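Source file: start15.tsv; contents: TSV, C-alpha atoms.
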```tsv
chain	number	residue	atom	x	y	z
A	1	MET	CA	-57.01	-15.61	-12.64
A	2	LYS	CA	-53.85	-15.67	-10.56
A	3	PRO	CA	-51.67	-12.57	-10.70
A	4	SER	CA	-48.37	-13.13	-12.45
A	5	LEU	CA	-45.46	-13.45	-10.09
A	6	PRO	CA	-42.22	-11.58	-10.66
A	7	SER	CA	-39.51	-13.71	-12.13
A	8	ALA	CA	-36.71	-14.82	-9.88
A	9	PRO	CA	-33.52	-12.75	-10.10
A	10	ALA	CA	-30.94	-14.10	-12.49
A	11	LEU	CA	-27.97	-15.68	-10.77
A	12	ALA	CA	-24.46	-15.28	-12.08
A	13	SER	CA	-21.54	-17.62	-11.58
A	14	PHE	CA	-19.29	-16.96	-8.60
A	15	LYS	CA	-15.72	-15.82	-9.22
A	16	TRP	CA	-13.64	-17.03	-6.30
A	17	ASP	CA	-10.84	-14.51	-6.92
A	18	ASP	CA	-13.18	-11.53	-7.49
A	19	PRO	CA	-16.38	-12.19	-5.51
A	20	PHE	CA	-17.77	-8.64	-5.84
A	21	LEU	CA	-16.78	-8.29	-9.52
A	22	ILE	CA	-14.47	-5.34	-8.84
A	23	GLU	CA	-12.70	-5.98	-12.15
A	24	ALA	CA	-15.88	-5.15	-14.08
A	25	ASP	CA	-16.28	-1.97	-12.03
A	26	LEU	CA	-12.93	-0.55	-13.14
A	27	THR	CA	-12.50	1.75	-16.11
A	28	GLU	CA	-10.50	0.61	-19.12
A	29	ASP	CA	-7.79	3.14	-18.26
A	30	ALA	CA	-7.56	1.85	-14.70
A	31	ARG	CA	-7.22	-1.74	-15.90
A	32	MET	CA	-4.53	-0.76	-18.39
A	33	ILE	CA	-2.55	1.08	-15.69
A	34	ARG	CA	-2.98	-1.84	-13.29
A	35	ASP	CA	-1.81	-4.36	-15.89
A	36	ALA	CA	1.31	-2.32	-16.68
A	37	ALA	CA	2.18	-2.14	-12.97
A	38	HIS	CA	1.54	-5.87	-12.60
A	39	ALA	CA	3.86	-6.71	-15.50
A	40	TYR	CA	6.63	-4.51	-14.09
A	41	ALA	CA	6.27	-5.91	-10.56
A	42	GLN	CA	6.25	-9.54	-11.66
A	43	ASP	CA	8.93	-9.26	-14.36
A	44	GLU	CA	11.39	-6.93	-12.64
A	45	LEU	CA	10.80	-6.77	-8.89
A	46	LEU	CA	9.91	-10.37	-8.04
A	47	SER	CA	13.23	-11.65	-9.35
A	48	CYS	CA	15.30	-9.51	-6.94
A	49	VAL	CA	13.18	-9.36	-3.79
A	50	THR	CA	14.50	-12.55	-2.15
A	51	LYS	CA	18.12	-11.42	-2.33
A	52	ALA	CA	17.23	-7.89	-1.21
A	53	PHE	CA	15.29	-9.22	1.79
A	54	ALA	CA	18.08	-11.63	2.79
A	55	ASN	CA	20.75	-8.91	2.54
A	56	GLU	CA	18.56	-6.21	4.13
A	57	GLY	CA	19.28	-3.85	1.26
A	58	THR	CA	17.77	-2.39	-1.86
A	59	ASP	CA	18.93	-0.98	-5.16
A	60	PRO	CA	18.29	2.76	-5.77
A	61	GLU	CA	18.16	1.88	-9.48
A	62	ILE	CA	14.61	0.65	-8.80
A	63	PHE	CA	13.51	4.28	-8.46
A	64	ARG	CA	14.74	4.95	-11.99
A	65	GLU	CA	12.83	1.93	-13.28
A	66	MET	CA	9.67	3.11	-11.55
A	67	GLY	CA	10.14	6.57	-13.06
A	68	GLU	CA	10.60	5.15	-16.55
A	69	THR	CA	7.50	2.98	-16.09
A	70	GLY	CA	5.46	6.05	-15.05
A	71	LEU	CA	4.78	4.93	-11.50
A	72	LEU	CA	6.08	8.00	-9.61
A	73	GLY	CA	3.92	11.03	-8.86
A	74	THR	CA	0.97	9.50	-10.65
A	75	THR	CA	-1.72	11.68	-9.00
A	76	ILE	CA	0.01	14.99	-9.79
A	77	PRO	CA	-2.42	16.62	-12.29
A	78	ASP	CA	-1.52	16.22	-15.95
A	79	ILE	CA	-1.85	19.99	-16.40
A	80	LEU	CA	1.57	19.96	-14.71
A	81	GLU	CA	2.95	17.52	-17.26
A	82	GLU	CA	6.06	19.65	-17.70
A	83	PHE	CA	6.73	19.09	-13.99
A	84	GLY	CA	6.18	15.33	-14.12
A	85	GLY	CA	2.39	15.25	-13.63
A	86	ILE	CA	0.53	12.24	-15.06
A	87	GLY	CA	-2.97	12.77	-13.64
A	88	PHE	CA	-3.97	9.21	-12.69
A	89	SER	CA	-7.09	8.82	-10.59
A	90	TYR	CA	-6.68	7.83	-6.95
A	91	VAL	CA	-8.26	4.48	-7.80
A	92	SER	CA	-5.57	3.89	-10.43
A	93	TYR	CA	-2.88	4.88	-7.95
A	94	GLY	CA	-4.32	2.39	-5.46
A	95	LEU	CA	-4.27	-0.35	-8.09
A	96	VAL	CA	-0.61	0.39	-8.84
A	97	ALA	CA	0.26	0.25	-5.14
A	98	HIS	CA	-1.64	-3.03	-4.83
A	99	GLU	CA	0.41	-4.64	-7.59
A	100	ILE	CA	3.74	-3.49	-6.14
A	101	GLU	CA	2.63	-4.64	-2.68
A	102	ARG	CA	1.98	-8.12	-4.10
A	103	VAL	CA	5.74	-8.46	-4.42
A	104	ASP	CA	7.01	-6.53	-1.41
A	105	SER	CA	5.88	-3.86	1.05
A	106	GLY	CA	9.30	-2.24	0.90
A	107	TYR	CA	9.09	-1.64	-2.85
A	108	ARG	CA	5.56	-0.27	-2.43
A	109	LEU	CA	6.86	1.99	0.33
A	110	MET	CA	9.60	3.32	-1.96
A	111	MET	CA	7.00	4.21	-4.58
A	112	SER	CA	4.39	5.66	-2.21
A	113	VAL	CA	6.86	7.75	-0.18
A	114	GLN	CA	8.28	9.28	-3.37
A	115	SER	CA	4.82	9.88	-4.85
A	116	SER	CA	2.51	10.65	-1.93
A	117	LEU	CA	4.72	11.92	0.89
A	118	VAL	CA	7.33	13.84	-1.09
A	119	MET	CA	5.90	14.91	-4.46
A	120	CYS	CA	2.34	15.58	-3.29
A	121	PRO	CA	3.32	17.99	-0.46
A	122	ILE	CA	5.58	19.88	-2.88
A	123	TYR	CA	2.67	20.09	-5.33
A	124	ALA	CA	0.15	21.07	-2.63
A	125	PHE	CA	2.23	23.67	-0.80
A	126	GLY	CA	5.13	24.60	-3.05
A	127	THR	CA	5.65	27.47	-5.44
A	128	GLU	CA	6.16	27.14	-9.19
A	129	GLU	CA	9.85	27.57	-8.53
A	130	ARG	CA	9.75	24.51	-6.25
A	131	TYR	CA	7.73	22.60	-8.85
A	132	GLN	CA	10.40	23.25	-11.44
A	133	LYS	CA	13.28	22.43	-9.11
A	134	TYR	CA	11.97	19.17	-7.64
A	135	LEU	CA	8.98	17.56	-9.34
A	136	PRO	CA	10.48	16.60	-12.74
A	137	LYS	CA	13.55	15.12	-11.07
A	138	LEU	CA	11.48	13.19	-8.52
A	139	ALA	CA	9.16	11.87	-11.25
A	140	SER	CA	12.07	10.60	-13.34
A	141	ASP	CA	14.28	9.55	-10.39
A	142	THR	CA	17.02	12.03	-10.99
A	143	PHE	CA	16.18	12.76	-7.35
A	144	ILE	CA	15.18	10.33	-4.62
A	145	GLY	CA	12.99	11.78	-1.88
A	146	CYS	CA	12.39	10.94	1.77
A	147	PHE	CA	9.80	11.95	4.35
A	148	ARG	CA	10.82	12.83	7.91
A	149	LEU	CA	8.01	12.71	10.48
A	150	THR	CA	8.82	10.13	13.20
A	151	GLU	CA	10.69	11.30	16.29
A	152	PRO	CA	12.32	9.32	19.14
A	153	ASP	CA	9.84	10.51	21.78
A	154	ALA	CA	6.69	11.42	19.82
A	155	GLY	CA	6.71	8.58	17.29
A	156	SER	CA	4.57	9.52	14.28
A	157	ASP	CA	2.27	11.85	16.25
A	158	PRO	CA	2.53	15.35	14.70
A	159	ALA	CA	0.96	16.92	17.79
A	160	GLY	CA	3.81	15.61	19.92
A	161	MET	CA	6.66	16.74	17.67
A	162	THR	CA	9.44	18.74	19.22
A	163	THR	CA	11.26	19.62	15.98
A	164	VAL	CA	10.91	23.33	15.25
A	165	VAL	CA	11.75	25.58	12.33
A	166	GLN	CA	12.66	29.26	12.41
A	167	LYS	CA	13.18	31.67	9.56
A	168	THR	CA	16.26	33.81	10.06
A	169	ASP	CA	18.19	36.00	7.61
A	170	GLY	CA	16.31	34.71	4.58
A	171	ARG	CA	16.76	31.02	5.42
A	172	TYR	CA	15.16	28.36	7.56
A	173	VAL	CA	16.87	26.73	10.55
A	174	LEU	CA	15.65	23.31	11.73
A	175	ASN	CA	16.23	22.02	15.24
A	176	GLY	CA	15.20	18.54	16.31
A	177	SER	CA	15.76	14.84	15.61
A	178	LYS	CA	14.03	12.28	13.39
A	179	MET	CA	14.22	8.50	13.05
A	180	TRP	CA	12.88	5.63	10.90
A	181	VAL	CA	13.32	7.67	7.71
A	182	SER	CA	12.91	5.42	4.68
A	183	THR	CA	15.43	6.02	1.84
A	184	SER	CA	17.22	8.69	3.88
A	185	ALA	CA	20.63	7.17	3.13
A	186	VAL	CA	20.22	7.77	-0.61
A	187	ALA	CA	17.83	10.76	-0.67
A	188	ASP	CA	18.42	14.00	-2.58
A	189	ALA	CA	15.24	15.80	-1.45
A	190	LEU	CA	13.90	15.75	2.11
A	191	VAL	CA	10.41	16.68	3.29
A	192	VAL	CA	10.73	17.38	7.04
A	193	TRP	CA	7.80	17.83	9.41
A	194	ALA	CA	8.31	20.57	11.98
A	195	LYS	CA	6.09	22.87	14.01
A	196	SER	CA	5.61	26.69	13.08
A	197	GLU	CA	-0.81	1.17	4.62
A	198	ALA	CA	-0.90	-11.36	-2.21
A	199	CYS	CA	-0.79	-13.89	0.44
A	200	TRP	CA	-4.23	-15.40	-0.14
A	201	HIS	CA	-3.53	-16.72	-3.68
A	202	ALA	CA	-0.21	-18.18	-2.55
A	203	ALA	CA	-1.90	-20.07	0.30
A	204	ARG	CA	-4.60	-21.42	-2.04
A	205	GLN	CA	-2.08	-22.66	-4.60
A	206	TYR	CA	0.12	-24.24	-1.95
A	207	GLY	CA	-2.87	-26.13	-0.56
A	208	LEU	CA	-3.74	-27.44	-4.02
A	209	ASP	CA	-0.16	-28.47	-4.82
A	210	GLN	CA	0.85	-30.11	-1.52
A	211	ARG	CA	-0.54	-33.46	-0.38
A	212	GLN	CA	-0.87	-35.04	3.05
A	213	PHE	CA	-2.47	-38.36	3.93
A	214	ASP	CA	-3.01	-39.04	0.22
A	215	ARG	CA	-5.07	-35.92	-0.50
A	216	PRO	CA	-4.41	-32.22	-1.16
A	217	LEU	CA	-4.02	-30.00	1.88
A	218	ALA	CA	-6.80	-27.85	0.41
A	219	GLN	CA	-9.18	-30.79	0.85
A	220	THR	CA	-9.38	-30.30	4.60
A	221	GLN	CA	-11.94	-28.32	6.56
A	222	LEU	CA	-9.44	-26.16	8.44
A	223	PHE	CA	-7.54	-25.17	5.29
A	224	GLN	CA	-10.74	-24.22	3.47
A	225	LEU	CA	-11.96	-22.24	6.50
A	226	LYS	CA	-8.75	-20.20	6.45
A	227	LEU	CA	-9.09	-19.60	2.69
A	228	ALA	CA	-12.71	-18.51	3.10
A	229	ASN	CA	-11.72	-16.06	5.85
A	230	MET	CA	-8.93	-14.61	3.67
A	231	GLN	CA	-11.25	-14.32	0.67
A	232	THR	CA	-13.89	-12.52	2.72
A	233	GLU	CA	-11.58	-10.01	4.39
A	234	ILE	CA	-9.59	-9.20	1.24
A	235	THR	CA	-12.75	-8.70	-0.82
A	236	LEU	CA	-14.34	-6.39	1.75
A	237	GLY	CA	-11.07	-4.48	2.15
A	238	LEU	CA	-10.60	-4.02	-1.59
A	239	TYR	CA	-14.14	-2.79	-2.07
A	240	ALA	CA	-13.77	-0.32	0.81
A	241	ALA	CA	-10.54	0.97	-0.75
A	242	LEU	CA	-12.21	1.27	-4.15
A	243	ARG	CA	-15.08	3.26	-2.61
A	244	VAL	CA	-12.79	5.69	-0.78
A	245	GLY	CA	-10.58	6.02	-3.87
A	246	ARG	CA	-13.62	7.05	-5.91
A	247	LEU	CA	-14.62	9.54	-3.23
A	248	MET	CA	-11.11	11.01	-3.36
A	249	ASP	CA	-11.42	11.42	-7.12
A	250	GLU	CA	-14.70	13.28	-6.48
A	251	ALA	CA	-13.15	15.43	-3.69
A	252	ARG	CA	-15.61	14.00	-1.16
A	253	THR	CA	-13.23	12.23	1.21
A	254	ALA	CA	-13.00	12.89	4.94
A	255	PRO	CA	-9.69	11.93	6.60
A	256	LYS	CA	-11.55	9.60	8.98
A	257	MET	CA	-12.60	7.48	5.98
A	258	VAL	CA	-8.93	6.79	5.32
A	259	SER	CA	-8.41	5.97	9.00
A	260	LEU	CA	-11.32	3.51	8.84
A	261	ILE	CA	-9.95	1.51	5.91
A	262	LYS	CA	-6.35	1.66	7.17
A	263	HIS	CA	-7.46	0.47	10.62
A	264	ASN	CA	-9.29	-2.44	9.03
A	265	ASN	CA	-7.11	-3.34	6.05
A	266	CYS	CA	-3.69	-3.11	7.69
A	267	GLY	CA	-4.78	-5.21	10.65
A	268	LYS	CA	-6.45	-7.81	8.44
A	269	ALA	CA	-3.47	-7.91	6.04
A	270	LEU	CA	-1.17	-8.80	8.93
A	271	ASP	CA	-3.54	-11.52	10.15
A	272	ILE	CA	-3.76	-12.97	6.65
A	273	ALA	CA	0.03	-12.93	6.23
A	274	ARG	CA	0.40	-14.83	9.51
A	275	HIS	CA	-2.22	-17.42	8.50
A	276	THR	CA	-0.63	-17.81	5.07
A	277	ARG	CA	2.77	-18.42	6.60
A	278	ASP	CA	1.19	-21.00	8.89
A	279	ARG	CA	-0.65	-22.70	5.98
A	280	HIS	CA	2.72	-23.19	4.25
A	281	ARG	CA	3.86	-25.27	7.25
A	282	GLY	CA	7.67	-25.49	7.43
A	283	ASN	CA	8.02	-23.87	4.02
A	284	GLY	CA	6.41	-20.77	5.46
A	285	ILE	CA	9.76	-19.66	6.86
A	286	SER	CA	11.65	-20.43	3.63
A	287	GLN	CA	12.61	-17.46	1.47
A	288	GLU	CA	11.74	-19.52	-1.60
A	289	PHE	CA	8.02	-19.11	-0.90
A	290	HIS	CA	8.16	-15.38	0.05
A	291	GLU	CA	5.57	-15.70	2.84
A	292	ILE	CA	7.95	-14.98	5.71
A	293	HIS	CA	9.18	-11.73	4.16
A	294	ASN	CA	5.57	-10.64	3.47
A	295	MET	CA	4.72	-11.23	7.12
A	296	VAL	CA	7.84	-9.43	8.40
A	297	ASN	CA	7.12	-6.47	6.09
A	298	LEU	CA	3.61	-6.13	7.49
A	299	GLU	CA	4.86	-6.49	11.07
A	300	THR	CA	7.24	-3.61	10.29
A	301	VAL	CA	4.45	-1.43	8.86
A	302	ASN	CA	2.35	-2.15	11.95
A	303	THR	CA	5.26	-0.98	14.12
A	304	TYR	CA	6.41	2.16	12.34
A	305	GLN	CA	2.92	3.49	11.71
A	306	GLY	CA	1.08	2.00	14.70
A	307	THR	CA	-1.54	1.67	11.99
A	308	HIS	CA	-4.16	-0.50	13.64
A	309	ASP	CA	-4.22	1.08	17.10
A	310	VAL	CA	-3.59	4.73	16.18
A	311	HIS	CA	-6.33	4.79	13.57
A	312	ALA	CA	-8.68	3.11	16.05
A	313	LEU	CA	-8.11	6.07	18.38
A	314	ILE	CA	-8.80	8.51	15.54
A	315	LEU	CA	-12.11	6.74	14.86
A	316	GLY	CA	-12.95	6.64	18.55
A	317	ARG	CA	-12.38	10.37	18.86
A	318	ALA	CA	-14.57	10.99	15.80
A	319	GLN	CA	-17.44	9.08	17.45
A	320	THR	CA	-17.17	10.40	20.99
A	321	GLY	CA	-15.47	13.76	20.59
A	322	LEU	CA	-13.05	12.68	23.34
A	323	GLN	CA	-9.26	12.56	22.97
A	324	ALA	CA	-7.74	9.25	24.18
A	325	PHE	CA	-4.25	9.38	22.69
A	326	VAL	CA	-2.61	9.77	26.12
```
How would this structure read if it were set down as structure tokens?
Amino acid sequence: MKPSLPSAPALASFKWDDPFLIEADLTEDARMIRDAAHAYAQDELLSCVTKAFANEGTDPEIFREMGETGLLGTTIPDILEEFGGIGFSYVSYGLVAHEIERVDSGYRLMMSVQSSLVMCPIYAFGTEERYQKYLPKLASDTFIGCFRLTEPDAGSDPAGMTTVVQKTDGRYVLNGSKMWVSTSAVADALVVWAKSEACWHAARQYGLDQRQFDRPLAQTQLFQLKLANMQTEITLGLYAALRVGRLMDEARTAPKMVSLIKHNNCGKALDIARHTRDRHRGNGISQEFHEIHNMVNLETVNTYQGTHDVHALILGRAQTGLQAFV
């Protein structure tokens, strides 16, 4: 009698827009938060981004809208609710940032600077007096915050900063210079450092809608190759971000993990934005299709953070123990 063979594994259908079924891996709360951020971004931000990009300006009123929607300071623990704490998980915060980034990197930067680079340092290092003075106002947008790290000579390298602070006569005196300070023109609260990080879907839809030589653009080998590359890189990047977000929620994150996903995801996002602009042909430089401003935004992020190269050096140092920043 022949031994019975194990049955073949069941095969599920393939979801082109969610190949690793990340949606099913999210909690109900995370999906609800993500959906609220998506609705706000699509209903309120998308309608004004083209004009804002063309005029090189933004409306500070957007901070108030984000505060009313509950998008500012989301990872401040809810035990500090009286100070504006909501207590979202880091995964939920990442999902919110992802939805805002779908519309514009600048709007995502406004939200993440206020939440991560201004409110979180005050929460981590401030006193209860500082909590009371700043956090509720920053969470509701009575105050707008900015984050001052970059310097003319050192860039965003904290080790090379020349700005210094001294405590004299019961106050602090700062000496130095900063540059590239987002929202500084309208900020009420400043965090100063001193010494003592949706093109793929747009490309797919454009290829399905536009025709050339009596067939859709998407019915060509080169177009489908580009889509497959975008799908692969975005899926791997999202899953890496989900994994590190979960580790952050469990307090098991090493800073080099963040460097790894920023090194990968920021570089790949810029490549994808460039390919998407190219797939739109001449329309890729038209503001109507948004692809040119997405690409310029990511070029800007690559410049002001040096994201791809700097994080590569951090990872290289972690592997070899050798400093190669100079």
As a ChimeraX atom specification, please: the residues near A:Lys178 (cut-off 12 Å, only C-alpha atoms, same-chain neighbours under 6 positions excluded). /A:146-156,158,161-164,184,190-194
Just want the 12 Å neighbourhood of A:Lys137, counted on all atoms listed in the file, with same-chain residues fewer than 4 positions away dropped. Output as number ranges by chain. A: 63-64, 67-68, 72-73, 82-85, 114-115, 118-119, 130-133, 141-145, 188-189
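For the residues A:Thr74, A:Thr50, A:Asn283, A:Ser116, ranking by smallest atom-to-atom distance to A:Val96 using all atoms listed in the file places A:Thr74 first.
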Considering only C-alpha atoms, return as a PyMOL selection string whatever protein or nucleic-acid residues lie within 10 Å of A:Val258, sequence-local ones (same chain, fewer than 6 positions apart) excluded. chain A and resi 197+240-241+244-245+248+264+311
Using atom CA of A:Arg204 and atom CA of A:Leu227 as the two end points, give the distance in Å to one decimal.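 Atom CA of A:Arg204 sits 6.8 Å away from atom CA of A:Leu227.
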Looking at all atoms listed in the file, which of A:Gln166, A:Asn265, A:Ser112, A:Thr183 is the one that sits closest to A:Leu298?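 Checking each of A:Gln166, A:Asn265, A:Ser112, A:Thr183 against A:Leu298, counting all atoms listed in the file, the winner is A:Asn265.
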Which residues are near A:Arg277? Cut-off 12 Å, all atoms listed in the file, ignore same chain within fewer than 2 positions. Put them as a ChimeraX atom specification. /A:198-200,202-204,206-207,226,270-275,279-287,289-296
Determine the nearest neighbour of A:Lys51 from the options A:Asp309, A:Ala185, A:Glu288, A:Gln212, counting all atoms listed in the file.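 For A:Lys51, the nearest of the given residues is A:Glu288.
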